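*Asks:* One structure follows; several queries about it will come next.
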Amino acid sequence: MVADLRRCVGCQTCTAACKLTNATPPGIQWRRVLDLESGEYPDVRRTFVPVSCMHCGDPPCLDVCPTKATFKRDDGIVRINAEVCIGCAYCAVACPYQQRHIVKRRELAYGAQATAAEDARFDPRSIAVSTKCTFCSDRVDQAASLGLTPGVDPQVTPACVNSCIAGALHFGDRDDPCSNVSELLAHSVHFRMHEELNTDPGFYYIVEERP
Amino acid sequence: MISSVGRIEPWRQRNWDWRAAGNFIGGGSGSGLLLSVPFAGDAAAPRLTLLGLALIGAGLLCVWLEIGRPWRALNVYRRPASSWMTREALLAPLLFACGAAVVWRAGRTFESLLAGLALAYVYCQARMLQGGRGIPAWRHPRVVPLLVTTAIAEGFGLGLAVLAATAMGVIPASLPWLTATALLARGAVLIVYRGALAGKAPTLALAALDEHIVVDRLLTAAAMICLLAGATIAGGRWLLVFGGLAALAAGSLLKYTIVVRASFNQGFALPLLPVRGPGRAAPGARPGW
Amino acid sequence: MGKPGATAETRQVATYCYNCVAGPDLLTVKVTNGVATEIGPNFAGAGVHPADGKPCVKAYGLIEKTYHPQRILSPMKRTNPRKGRTQDPRFVPISWDEALDTVAAKLGDIRKRGILDAEGLPRVAVTFGHGGTPAMYMGTFPAFLAAWGDVDYSFGSGQGVKCMHSEHLFGEYWHRAFTVSADTPHTRLNVSFGANNEVTGGPCAVARHADARARAAKRIQIEPHLSITAAASAEWIPIKPKTDPAFMFAMIHVLLHEHSRERLDLAFLGESSSSPYLVGPSGYYLRDAATLKPLVWDTRRAAAVAFDTDAAEALLEGKVRVPNALEVGADDERWTHEDISAPTAFTLLVEHMRQYSPEWASSVCDVPAATIRRVANEYLDQACVGQTIDIDGVSMPFRPVSVTLGKTVNNGWGAYECCWARTMLATLVGALEVPGGTIGTTVRLNKPHDNRLKSVQPGEDGFMVAHFNATSQKDWMAQPTGRNAHRTLVPIVGNSPWAQALGPTHLAWMFASDAPKEWPDPELPEIWFAFRTNPAISFWDTARIGRAMARMPFIVAFAYTFDETNHMADILLPDATDLESTQLIRIGGTKFVEQHWAHQGVALRAPAVEPLGEARDFTWITTELCRRAGLLERYNAALNRGAALVPLKGEGYDFSLATDQAHSVETIWNAVCQAATAALSEGKEVHDLDWFKQHGHYVVPFDREDWFLTPTMVRQGLRYELPYQERLLRVGAELGRRLHEHDIHWWDSQLSEYVAIPEWHDVPERWVESIRSMGADPADYPLWGITTKVMPYTTGNNAGIPLMHEVSANLRNHGAVVINATTAAGLGIANGDWVEVRSPIGATQGRAAAVQGCRPDTVVIPGQFDHWKTPFAKDLPFPSLNTVVPLSLALTDATGS
Ligand SMILES: Nc1nc2c(c(=O)[nH]1)N[C@H]1C(S)=C(S)[C@@H](COP(=O)(O)OP(=O)(O)OC[C@H]3O[C@@H](n4cnc5c(=O)[nH]c(N)nc54)[C@H](O)[C@@H]3O)O[C@H]1N2
Ligand SMILES: Nc1nc2c(c(=O)[nH]1)N[C@H]1C(S)=C(S)[C@@H](COP(=O)(O)OP(=O)(O)OC[C@H]3O[C@@H](n4cnc5c(=O)[nH]c(N)nc54)[C@H](O)[C@@H]3O)O[C@H]1N2
Ligand code: SF4
Ligand code: SF4
Ligand code: SF4
Ligand code: SF4
Ligand code: SF4
Ligand SMILES: [Mo]
């Protein structure tokens with residue numbers, strides 16, 4: 001995934017889209033967008049930074065997971081098997097991107113009373129286990145049978161990417177040099193977060209055009 | 001509701017709370033105690049072993065209480081190849097079996113074997129903490145010698161205190177000195193650990209550690225004085241109790257600090273800030289560091 | 001995740017969101033087993049909708065909105081006759097029959113006695129909120145209003161006078177722009193004075209600005225705090241609040257006094273503005289005595305000739321001697337001049353702006369003179385005077401510089417100056433209403449609403465027609481026709497259907513309790529309808545508004561949950577909300593905030609789910625109300641005339657409804673769908689309601705050339721009325737005479753705004769003065785308080801939706817009092833501390849957000865909160881600026897905002 005920080009305005013549309021698509025409970029945001037102020041008055045900046053699971057190539061969350069609930073797919077997407085996870089939160093403390101979320105009990109938007117939509121979407125398997133962004137892998141998985149390309153065709157593209165009103169989020173195959181994201185990265189100056197931790201994150205941030 | 005919403009600067013992780021700290025405290029001091037058994041004299045061995053196992057068990061109970069799906073706990077054994085949590089869990093039954101052998105006096109070899117397993121156990125725990133790579137105060141390799149030496153100091157201190165406070169047996173003359181040595185070593189490792197962490201952990205994590213270090217120094221100094229005085233002054237039995245307990249307290253507090261209070265996570269950082277329109281990217285930002 | 005196993009019946013329903021004025025935007029709703037579960041883009045809108053069918057974050061809150069557990073799901077009536085914030089209304093559920101019969105009986109009784117009261121004021125008043133957006137949710141209610149007759153729209157909500165108010169009036173006056181935007185897809189430099197587009201412009205603006213940044217277009221954001229828009233700009237200039245006119249005047253000064261004339265667009269100034277008109281000693285145009293046409297100096301003939309004389313080469317700048325001419329002032333007062341020296345309007349401008357140097361402005365705005373000068377120079381450098389661009393095969397002037405204003409700049413005192421200076425800056429370089437420049441979006445005060453170009457018609461003196469309210473002795477409305485007296489006090493607002501709601505709508509509230517002595521004491525309306533508005537939260541001095549509201553004798557509120565306004569209601573009618581009801585609206589063309597489409601058409605709001613409980617489609621409610629009130633014939637006739645979007649009968653088609661029967665919701669909208677498509681396709685295609693339920697929207701091409709007004713102006717030989725506002729000068733003088741003839745003097749300071757070329761007056765000082773007038777010491781109130789919007793909130797409309805609160809919490813200013821960190825430290829305030837913001841009229845509390853990105857003399861309170869009734873919102877510990885801002889005549893400008 002690629003986030004073009006030149007474009008993002010922190011509108012949180014992607015945050016909300018992910019929440020609805022994945023029915024995450026109140027307070028749990030697999031995708032969120034930071035509002036990061038730096039500098040001193042009057043030379044101040046605010047940068048809006050979409051964050052989620054980085055789907056690390058070398059995920060610290062994976063090595064530590066005692067149950068093998070965390071696994072990495074061949075396409076690089078890191079997932080969690082909710083049936084196996086014991087909710088020990090080891091992955092949560094191992095992830096340097098703060099992207100593991102565990103809720104101990106069912107949380108509701110309006111407090112006591114569940115809405116019809118919440119009831120329709122509730123999955124008890126999601127309680128007390130570790131959860132995180134899946135790169136919408138259920139959508140991505142449909143690509144092959146439908147003959148579509150993730151990141152290009154909305155139907156097989158992550159919900160947050162589809163929703164982004166600034167065109168800041170992109171998704172694609174970084175290993176394919178001709179993919180949309182490879183093209184984008186080739187023409188831009190970009191970085192990955194906490195590169196020094198050698199996690200090989202699958203999430204890139206663009207900051208300027210390649211000079 | 002545990003929520004990260006709105007946070008940017010590193011914040012205290014809340015996934016592992018006092019219960020996890022309890023495991024490191026119980027597991028560490030318990031293992032340390034088991035390590036002290038061969039030095040504690042024959043008479044006290046079974047009871048000290050029982051106490052050590054109880055501490056380790058209490059630590060494990062804490063963890064069991066913490067995990068989200070306790071009835072699936074046995075899944076923990078699925079990744080011995082890389083997870084130190086699996087490895088810790090693997091060692092636990094061995095430790096208990098071996099401990100049982102000691103308790104039933106199956107032979108001195110079991111004491112040594114148990115000490116070896118205890119050392120392995122505390123090592124696992126230390127590596128487990130180090131595996132928490134999202135927490136800068138944990139992931140530094142120096143955390144391993146720190147936790148191991150701390151466990152030894154705690155365990156020896158506790159053993160000494162128990163022996164001194166009860167009539168379990170004679171106090172071997174070497175025990176106060178061994179405890180003091182362990183304390184000294186642990187103090188030294190703590191300084192090295194803290195030194196190595198400079199610039200490698202968020203400001204607030206370092207502040208929490210520094211706060212503890214003040215207390216730690218006082219406790220260690222008190223323990224040293226008590227131990228040395230107790231070992232040299234006749235009738236200094238109660239000084240040994242205090243010294244041992246102070247060693248235990250310093251260690252336990254340290255682990256509570258590291259696991260709960262200094263456990264600030266990585267936060268977020270940008271090596272470069274984006275252009276908006278014309279111009280070039282600007283130098284980055286790393287709030288909270 | 002989703003439930004395992006069970007096979008679910010899932011549908012995607014295409015619909016629209018128009019919860020804020022930045023819409024409409026397209027979206028889809030995922031419905032599983034009859035329950036709406038997800039919101040997403042409508043990718044069928046890709047390439048049609050400027051944001052490719054994507055809605056903003058607010059639309060994602062519609063699921064929680066629909067299933068809000070505290071929704072009002074049956075009609076209710078009040079059983080406690082006493083009204084007020086502290087009174088429990090004791091609402092009890094009643095049947096629709098009882099509710100509708102009660103309201104219909106009231107209406108019927110009024111009709112018998114006459115719809116106007118003894119003072120000529122309508123007995124029925126209606127208030128809708130948020131920039132007209134309720135119209136997109138109220139089905140056929142406009143047909144009821146049309147069937148009824150005179151209605152008073154005087155009672156303001158936060159919309160109108162607290163919104164882009166002066167902009168609406170002057171924007172339409174100068175360039176048919178209810179709101180003004182940059183031509184973002186072509187502009188290279190956008191100088192924005194608090195236009196918070198990245199937050200308030202919806203997906204269309206955000207997408208367009210992101211694209212602009214990608215092609216290295218520059219935006220300079222001039223604003224007291226580092227808003228999201230400022231953050232996403234190339235440069236942020238923190239200006240002292242309410243001093244924007246000074247900055248803009250200084251920019252004009254630089255253009256006029258620090259560069260050679262040739263750098264300006266002299267052709268545009270000469271041919272498309274009033275610059276060459278000669279001005280007489282009394283400040284009015286010199287006119288030809290016979291034709292009364294304004295004179296210009298023809299350099300070829302060396303004579304003063306009528307402005308529209310063939311082949312005249314009008315002198316732009318200078319003073320000339322005119323042998324004889326006539327000047328016409330207020331009330332047709334005439335002066336005949338002989339051999340008089342007269343400057344051109346442009347020369348008056350040049351002379352007038354001499355005093356406003358960047359150095360002068362610097363002391364007013366607290367911005368370095370060098371910065372102001374640099375911005376002005378960049379503006380000129382980027383203007384590309386003389387260049388052209390090809391827009392879909394049509395060659396047009398290309399002026400990629402734009403100036404935009406936010407709603408705190410183009411409203412209230414100083415707004416006249418700002419709106420004028422903005423349009424003037426465009427005029428000087430010919431960037432007005434051309435590609436890349438400063439352009440309008442929509443019209444509301446003028447008609448027709450679907451295409452602003454069609455509203456352009458020749459008026460007097462070579463300008464577009466302007467519909468002033470009469471100020472002549474004969475025709476001036478001494479007796480107001482509505483309780484805010486828009487026709488009496490505000491000539492420029494006119495009297496079109498939208499005009500009254502854009503009058504000084506706070507006066508209706510203020511005068512309801514204490515009218516000035518020379519003013520008739522107005523009776524309150526006998527019925528007040530309110531829908532999607534919450535003045536008790538959104539207005540100034542909300543406590544006072546609440547008290548005024550409690551005096552309303554009979555309030556009918558369409559209600560979705562309880563709120564602070566319907567707390568005072570007598571009858572609550574639960575409308576089926578966004579995802580539950582049917583309506584067809586227009587999309588495309590050019591529209592605020594930044595919707596410039598290459599298509600136009602219509603979109604259906606299709607019911608995705610069944611209405612909850614007893615909630616009913618607005619069209620059903622309206623039809624029933626009309627039937628019971630004996631208005632059915634008139635109502636159906638209004639529908640046939642086009643009160644619900646389009647006339648049902650046109651050339652080659654007739655979908656008219658029989659007028660003698662009550663039609664179902666589907667029947668009505670089916671007819672509208674067919675008529676609308678027939679009209680759009682000029683009879684070639686007709687699509688019914690079922691087709692729209694499948695397809696969502698229907699569009700035909702809209703020429704991008706029509707985004708710009710100037711070609712139409714040129715075609716009609718019209719000029720923009722800038723730089724010199726002779727007409728405003730005249731109506732102002734006349735208005736003053738009328739008011740004084742009636743011994744009304746409380747509007748005098750407003751009269752001072754009627755000048756031909758705006759001048760700086762100390763706007764911040766007016767606020768300081770108002771503190772003094774409340775008997776307080778300005779030294780006790782050292783900080784400026786301003787407000788700003790937040791993307792996930794649409795005014796106070798969705799404050800009760802938890803998802804919006806949750807995602808907003810990622811933003812550093814959510815629900816906070818934003819304050820400069822150094823200032824905060826000086827006051828002993830740490831980030832996150834609980835603080836109180838006080839004014840002489842009240843106090844509001846919240847958490848401090850100590851930041852660097854805010855002027856040291858300013859605090860910012862985002863959004864509109866401080867709810868005490870709205871469920872969920874009332875439990876948020878958020879402050880509101882509205883609690884501490886006074887309702888004040890002294891702080892009201894001449895347009896009434
Ligand atoms: N502090 C501050 N105040 C402001 C502004 C600001 O930026 N800051 N902005 C000003 C501006 S620009 C404007 S336009 C005004 C807007 O202010 P208003 O015109 O008063 O409108 P809203 O606040 O949107 O009020 C909408 C009301 O409709 C209700 N509602 C929402 N959905 C439905 C529905 O489906 N059915 C029914 N029956 N009711 C519904 C909501 O509960 C809410 O009470 O506010 C102004 N006030
Ligand atoms: N997300 C969202 N979008 C909306 C709406 C909404 O409620 N939510 N409402 C819609 C409506 S009704 C309207 S009217 C528009 C309004 O749209 P905008 O006018 O773009 O938005 P605001 O944020 O209300 O105000 C603009 C900015 O003015 C700045 N400001 C305050 N005082 C001054 C001053 O003295 N000088 C300068 N230069 N700047 C100043 C504030 O910092 C604020 O950020 O937005 C529309 N779009
Ligand atoms: S970001 Fe965290 S959760 Fe995601 S793969 Fe990397 S370490 Fe694992
Ligand atoms: S919480 Fe679940 S996924 Fe995470 S480490 Fe434990 S078992 Fe693995
Ligand atoms: S990829 Fe899917 S799961 Fe991940 S943040 Fe985006 S929407 Fe959420
Ligand atoms: S939707 Fe796009 S612009 Fe908005 S916050 Fe998310 S990434 Fe940024
Ligand atoms: S910008 Fe306004 S109309 Fe458009 S989707 Fe958002 S709330 Fe709805
Ligand atoms: Mo507004």
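Each chain of the structure tokens is named A, B, ... in the order shown, its residues numbered from 1; ligands are numbered from 1 in display order.
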Residues within 7 Å of ligand 1 (only C-alpha atoms and all ligand atoms), as a ChimeraX atom specification?

*Replies:* /C:128-131,157-160,162-164,407,531-535,537-539,558-561,563,565,574-575,577-578,787-789,794-798,862-864,870,880-882

*Asks:* Kindly provide, as a ChimeraX atom specification, all nucleotide and amino acid residues lying within 6 Å of ligand 2, counting only C-alpha atoms and all ligand atoms.

*Replies:* /C:20-22,130-131,163-164,193-197,199-201,222-225,227,241-242,244,406-409,786-795

*Asks:* Could you turn the residues from that selection into a file that holds N, CA, C and O atoms, as a compact mmCIF listing (two decimals), in the first residue's frame?

*Replies:*
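Saved result, part_30.txt, follows:
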# COMPACT_ATOMS: atom_id res chain seq x y z
N CYS C 20 -24.43 18.31 3.54
CA CYS C 20 -23.85 19.64 3.68
C CYS C 20 -23.82 20.29 2.31
O CYS C 20 -23.99 19.63 1.29
N VAL C 21 -23.57 21.58 2.30
CA VAL C 21 -23.67 22.32 1.04
C VAL C 21 -22.58 21.95 0.05
O VAL C 21 -22.62 22.39 -1.09
N ALA C 22 -21.60 21.17 0.48
CA ALA C 22 -20.56 20.76 -0.46
C ALA C 22 -21.06 19.67 -1.41
O ALA C 22 -20.40 19.34 -2.38
N HIS C 130 -28.91 24.83 7.50
CA HIS C 130 -27.72 24.49 6.72
C HIS C 130 -27.80 24.68 5.20
O HIS C 130 -27.86 23.73 4.42
N GLY C 131 -27.77 25.95 4.84
CA GLY C 131 -27.55 26.27 3.42
C GLY C 131 -28.49 25.64 2.42
O GLY C 131 -28.10 25.36 1.30
N CYS C 163 -23.43 32.43 8.05
CA CYS C 163 -22.81 31.62 7.02
C CYS C 163 -22.07 32.57 6.07
O CYS C 163 -21.57 33.60 6.50
N MET C 164 -22.02 32.25 4.79
CA MET C 164 -21.31 33.12 3.85
C MET C 164 -22.24 34.24 3.42
O MET C 164 -22.48 34.45 2.23
N PHE C 193 -8.16 33.38 1.81
CA PHE C 193 -8.36 34.04 3.09
C PHE C 193 -9.38 33.22 3.88
O PHE C 193 -10.59 33.43 3.77
N GLY C 194 -8.89 32.24 4.57
CA GLY C 194 -9.76 31.44 5.43
C GLY C 194 -10.79 30.60 4.70
O GLY C 194 -11.76 30.18 5.30
N ALA C 195 -10.59 30.35 3.40
CA ALA C 195 -11.48 29.38 2.74
C ALA C 195 -10.94 28.00 3.09
O ALA C 195 -9.87 27.62 2.66
N ASN C 196 -11.72 27.30 3.87
CA ASN C 196 -11.23 26.06 4.51
C ASN C 196 -11.56 24.84 3.64
O ASN C 196 -12.07 23.83 4.12
N ASN C 197 -11.28 24.95 2.36
CA ASN C 197 -11.80 23.98 1.39
C ASN C 197 -11.47 22.53 1.66
O ASN C 197 -12.24 21.65 1.32
N VAL C 199 -11.52 21.08 4.27
CA VAL C 199 -12.42 20.59 5.30
C VAL C 199 -13.87 20.74 4.85
O VAL C 199 -14.70 19.87 5.07
N THR C 200 -14.16 21.85 4.19
CA THR C 200 -15.56 22.20 3.95
C THR C 200 -16.01 21.99 2.51
O THR C 200 -17.18 22.16 2.22
N GLY C 201 -15.09 21.66 1.66
CA GLY C 201 -15.45 21.57 0.24
C GLY C 201 -15.92 20.19 -0.19
O GLY C 201 -16.22 19.99 -1.38
N ILE C 222 -4.23 32.19 4.28
CA ILE C 222 -4.10 33.32 5.19
C ILE C 222 -5.21 33.18 6.22
O ILE C 222 -6.39 33.29 5.89
N GLU C 223 -4.83 32.89 7.42
CA GLU C 223 -5.82 32.44 8.40
C GLU C 223 -5.19 32.44 9.79
O GLU C 223 -4.03 32.12 9.93
N PRO C 224 -5.95 32.79 10.83
CA PRO C 224 -5.33 32.92 12.16
C PRO C 224 -4.77 31.63 12.74
O PRO C 224 -3.91 31.67 13.60
N HIS C 225 -5.27 30.49 12.31
CA HIS C 225 -4.71 29.25 12.85
C HIS C 225 -4.39 28.29 11.72
O HIS C 225 -4.84 28.47 10.59
N SER C 227 -5.24 25.66 10.06
CA SER C 227 -6.32 24.71 9.76
C SER C 227 -5.76 23.59 8.90
O SER C 227 -4.63 23.67 8.42
N PRO C 241 -7.29 38.13 13.31
CA PRO C 241 -8.69 37.98 12.90
C PRO C 241 -9.32 39.31 12.49
O PRO C 241 -9.01 40.36 13.06
N LYS C 242 -10.17 39.21 11.51
CA LYS C 242 -11.01 40.33 11.05
C LYS C 242 -10.23 41.47 10.41
O LYS C 242 -10.71 42.59 10.32
N ASP C 244 -8.64 40.96 7.32
CA ASP C 244 -8.37 40.57 5.94
C ASP C 244 -8.53 41.68 4.90
O ASP C 244 -7.77 41.71 3.93
N GLY C 406 -13.18 32.53 3.06
CA GLY C 406 -13.96 31.63 3.92
C GLY C 406 -15.13 32.36 4.53
O GLY C 406 -15.24 33.58 4.45
N LYS C 407 -15.98 31.60 5.21
CA LYS C 407 -17.24 32.18 5.66
C LYS C 407 -17.09 33.12 6.86
O LYS C 407 -18.03 33.83 7.20
N THR C 408 -15.92 33.14 7.46
CA THR C 408 -15.76 34.12 8.53
C THR C 408 -15.19 35.42 7.98
O THR C 408 -15.10 36.41 8.69
N VAL C 409 -14.80 35.38 6.70
CA VAL C 409 -14.22 36.56 6.07
C VAL C 409 -15.27 37.25 5.19
O VAL C 409 -15.33 38.47 5.10
N ILE C 786 -12.38 32.38 17.49
CA ILE C 786 -12.91 32.10 16.16
C ILE C 786 -13.36 30.64 16.09
O ILE C 786 -13.03 29.84 16.97
N THR C 787 -14.10 30.33 15.05
CA THR C 787 -14.55 28.95 14.89
C THR C 787 -14.02 28.40 13.58
O THR C 787 -13.58 29.14 12.71
N THR C 788 -14.04 27.11 13.46
CA THR C 788 -13.59 26.45 12.24
C THR C 788 -14.38 25.16 12.13
O THR C 788 -14.87 24.65 13.14
N LYS C 789 -14.52 24.66 10.92
CA LYS C 789 -15.29 23.43 10.77
C LYS C 789 -14.39 22.21 10.79
O LYS C 789 -13.18 22.32 10.64
N VAL C 790 -15.00 21.07 11.00
CA VAL C 790 -14.26 19.82 11.06
C VAL C 790 -14.86 18.90 10.00
O VAL C 790 -16.07 18.84 9.85
N MET C 791 -14.03 18.20 9.27
CA MET C 791 -14.56 17.39 8.17
C MET C 791 -15.68 16.43 8.59
O MET C 791 -16.70 16.35 7.95
N PRO C 792 -15.52 15.68 9.68
CA PRO C 792 -16.57 14.71 9.97
C PRO C 792 -17.89 15.30 10.46
O PRO C 792 -18.86 14.57 10.61
N TYR C 793 -17.93 16.59 10.73
CA TYR C 793 -19.19 17.17 11.20
C TYR C 793 -19.78 18.10 10.16
O TYR C 793 -19.07 18.90 9.56
N THR C 794 -21.07 17.97 9.97
CA THR C 794 -21.76 18.91 9.11
C THR C 794 -22.58 19.81 10.02
O THR C 794 -23.61 19.40 10.54
N THR C 795 -22.06 20.98 10.24
CA THR C 795 -22.58 21.90 11.26
C THR C 795 -22.91 21.09 12.52
O THR C 795 -22.11 20.28 12.94

*Asks:* Select, as a VMD selection string, those residues of chain A with any atom no more than 8 Å from chain C (distances computed using only C-alpha atoms).

*Replies:* chain A and resid 6 to 17 20 to 23 26 to 27 32 to 35 37 to 42 44 to 47 109 to 110 113 115 to 118 120 to 123 126 154 159 162 to 167

*Asks:* Find the residues of chain B in contact range of chain A, meaning any atom within 8 Å when counting only C-alpha atoms, and list them as a VMD selection string.

*Replies:* chain B and resid 1 to 8 13 15 to 16 66 to 70 72 to 73 75 to 80 82 to 86 128 131 to 135 265 to 277 280 to 281 285 287

*Asks:* Grab the CA of Cys56 in chain A to atom 1 (S, counted along the ligand's line) of ligand 3 distance for me, in Å with one decimal place.

*Replies:*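 Going from CA of Cys56 in chain A over to atom 1 (S, counted along the ligand's line) of ligand 3, I get 5.7 Å.
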
*Asks:* Could you pull out the residues in range 134-280 of chain B that DSSP calls alpha helix (DSSP H) from the backbone, as number ranges by chain?

*Replies:* B: 136-139, 143-165, 174-197, 203-232, 237-256

*Asks:* Using the chain letters and numbers from this document, which residues of range 34-88 of chain A does DSSP assign to strand (DSSP E or B), as a PyMOL selection string?

*Replies:* chain A and resi 34-40+43-51+70-72+78-80

*Asks:* Give me, please, the distance in Å between CA of Phe24 in chain B and CA of Lys255 in chain B, quoted to one decimal.

*Replies:*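 Separation of CA of Phe24 in chain B and CA of Lys255 in chain B: 6.7 Å.
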
*Asks:* Show which residues sit within 6 Å of Thr858 in chain C, as a compact mmCIF listing (two decimals) with N, CA and C atoms, in the first residue's frame. Count only C-alpha atoms, and ignore same-chain residues fewer than 5 positions away.

*Replies:*
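Writing done, so here's out-v8.txt:
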# COMPACT_ATOMS: atom_id res chain seq x y z
N LEU C 783 -8.11 37.73 24.23
CA LEU C 783 -7.97 36.80 23.11
C LEU C 783 -9.14 36.90 22.14
N TRP C 784 -8.83 36.65 20.86
CA TRP C 784 -9.88 36.54 19.85
C TRP C 784 -10.38 35.11 19.85
N GLY C 785 -11.68 34.96 19.68
CA GLY C 785 -12.24 33.61 19.54
C GLY C 785 -12.78 33.44 18.14

*Asks:* With distances taken over only C-alpha atoms, which residue among C:Ala147, C:Leu107, C:Ala234, C:Ile252 lies nearest chain B?

*Replies:*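 Using only C-alpha atoms, the shortest distance to chain B belongs to C:Ala234.
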
*Asks:* Fewer than 4 positions away in the same chain doesn't count, so skip those; otherwise give me all residues within 10 Å of Glu651 in chain C, counting only C-alpha atoms, as number ranges by chain.

*Replies:* C: 678-679, 682-683

*Asks:* Just all heavy atoms for this one: save the residues we selected as a tab-separated table (two decimals), in the first residue's frame.

*Replies:*
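Output below, filename again15.tsv:
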chain	number	residue	atom	x	y	z
C	678	ALA	N	-37.04	13.37	-19.41
C	678	ALA	CA	-37.54	13.88	-20.69
C	678	ALA	C	-36.99	15.29	-20.93
C	678	ALA	O	-36.54	15.61	-22.04
C	678	ALA	CB	-39.07	13.89	-20.69
C	679	ALA	N	-37.00	16.11	-19.89
C	679	ALA	CA	-36.53	17.48	-20.05
C	679	ALA	C	-35.03	17.50	-20.35
C	679	ALA	O	-34.57	18.22	-21.24
C	679	ALA	CB	-36.83	18.29	-18.80
C	682	GLU	N	-34.19	16.29	-23.74
C	682	GLU	CA	-35.04	16.95	-24.73
C	682	GLU	C	-35.96	15.94	-25.40
C	682	GLU	O	-36.07	15.88	-26.63
C	682	GLU	CB	-34.18	17.72	-25.74
C	682	GLU	CG	-33.68	19.00	-25.10
C	682	GLU	CD	-32.45	19.59	-25.77
C	682	GLU	OE1	-31.93	18.94	-26.70
C	682	GLU	OE2	-32.04	20.67	-25.37
C	683	GLY	N	-36.57	15.15	-24.56
C	683	GLY	CA	-37.60	14.23	-25.05
C	683	GLY	C	-37.07	12.90	-25.58
C	683	GLY	O	-37.85	12.01	-25.91

*Asks:* Separation of CA of Leu219 in chain B and CA of Pro46 in chain B, in Å?

*Replies:*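 CA of Pro46 in chain B lies 29.1 Å from CA of Leu219 in chain B.
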
*Asks:* Go through C:His805, C:Arg483, C:Arg628, C:Leu121 and flag the residue nearest chain B, using only C-alpha atoms for the distances.

*Replies:*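 Going through C:His805, C:Arg483, C:Arg628, C:Leu121 one by one, the smallest distance to chain B is for C:His805.
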
*Asks:* Using only C-alpha atoms, which of C:His596, C:Arg219, C:Arg719, C:Lys517 sits nearest chain B?

*Replies:*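 Using only C-alpha atoms, the shortest distance to chain B belongs to C:Arg219.
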
*Asks:* Could you tell me which of B:Trp289, B:Phe156, B:Pro278, B:Tyr193 comes closest to chain C if we count only C-alpha atoms?

*Replies:*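 For chain C, the nearest of the given residues is B:Pro278.
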
*Asks:* For ligand 4, which residue among B:Leu74, B:Ala92, B:Leu48, B:Leu53 is the nearest when counting only C-alpha atoms and all ligand atoms?

*Replies:* B:Leu74

*Asks:* Nearest to ligand 3: which of A:Phe203, A:Arg125, A:Phe171, A:Val140 is it, counting only C-alpha atoms and all ligand atoms?

*Replies:*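 Answer, going by the shortest atom-to-atom distance: A:Phe203.
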
*Asks:* Skipping near chain neighbours, those fewer than 5 positions away, what residues fall within 9 Å of Arg547 in chain C using only C-alpha atoms, listed as a count of residues only?

*Replies:* 4
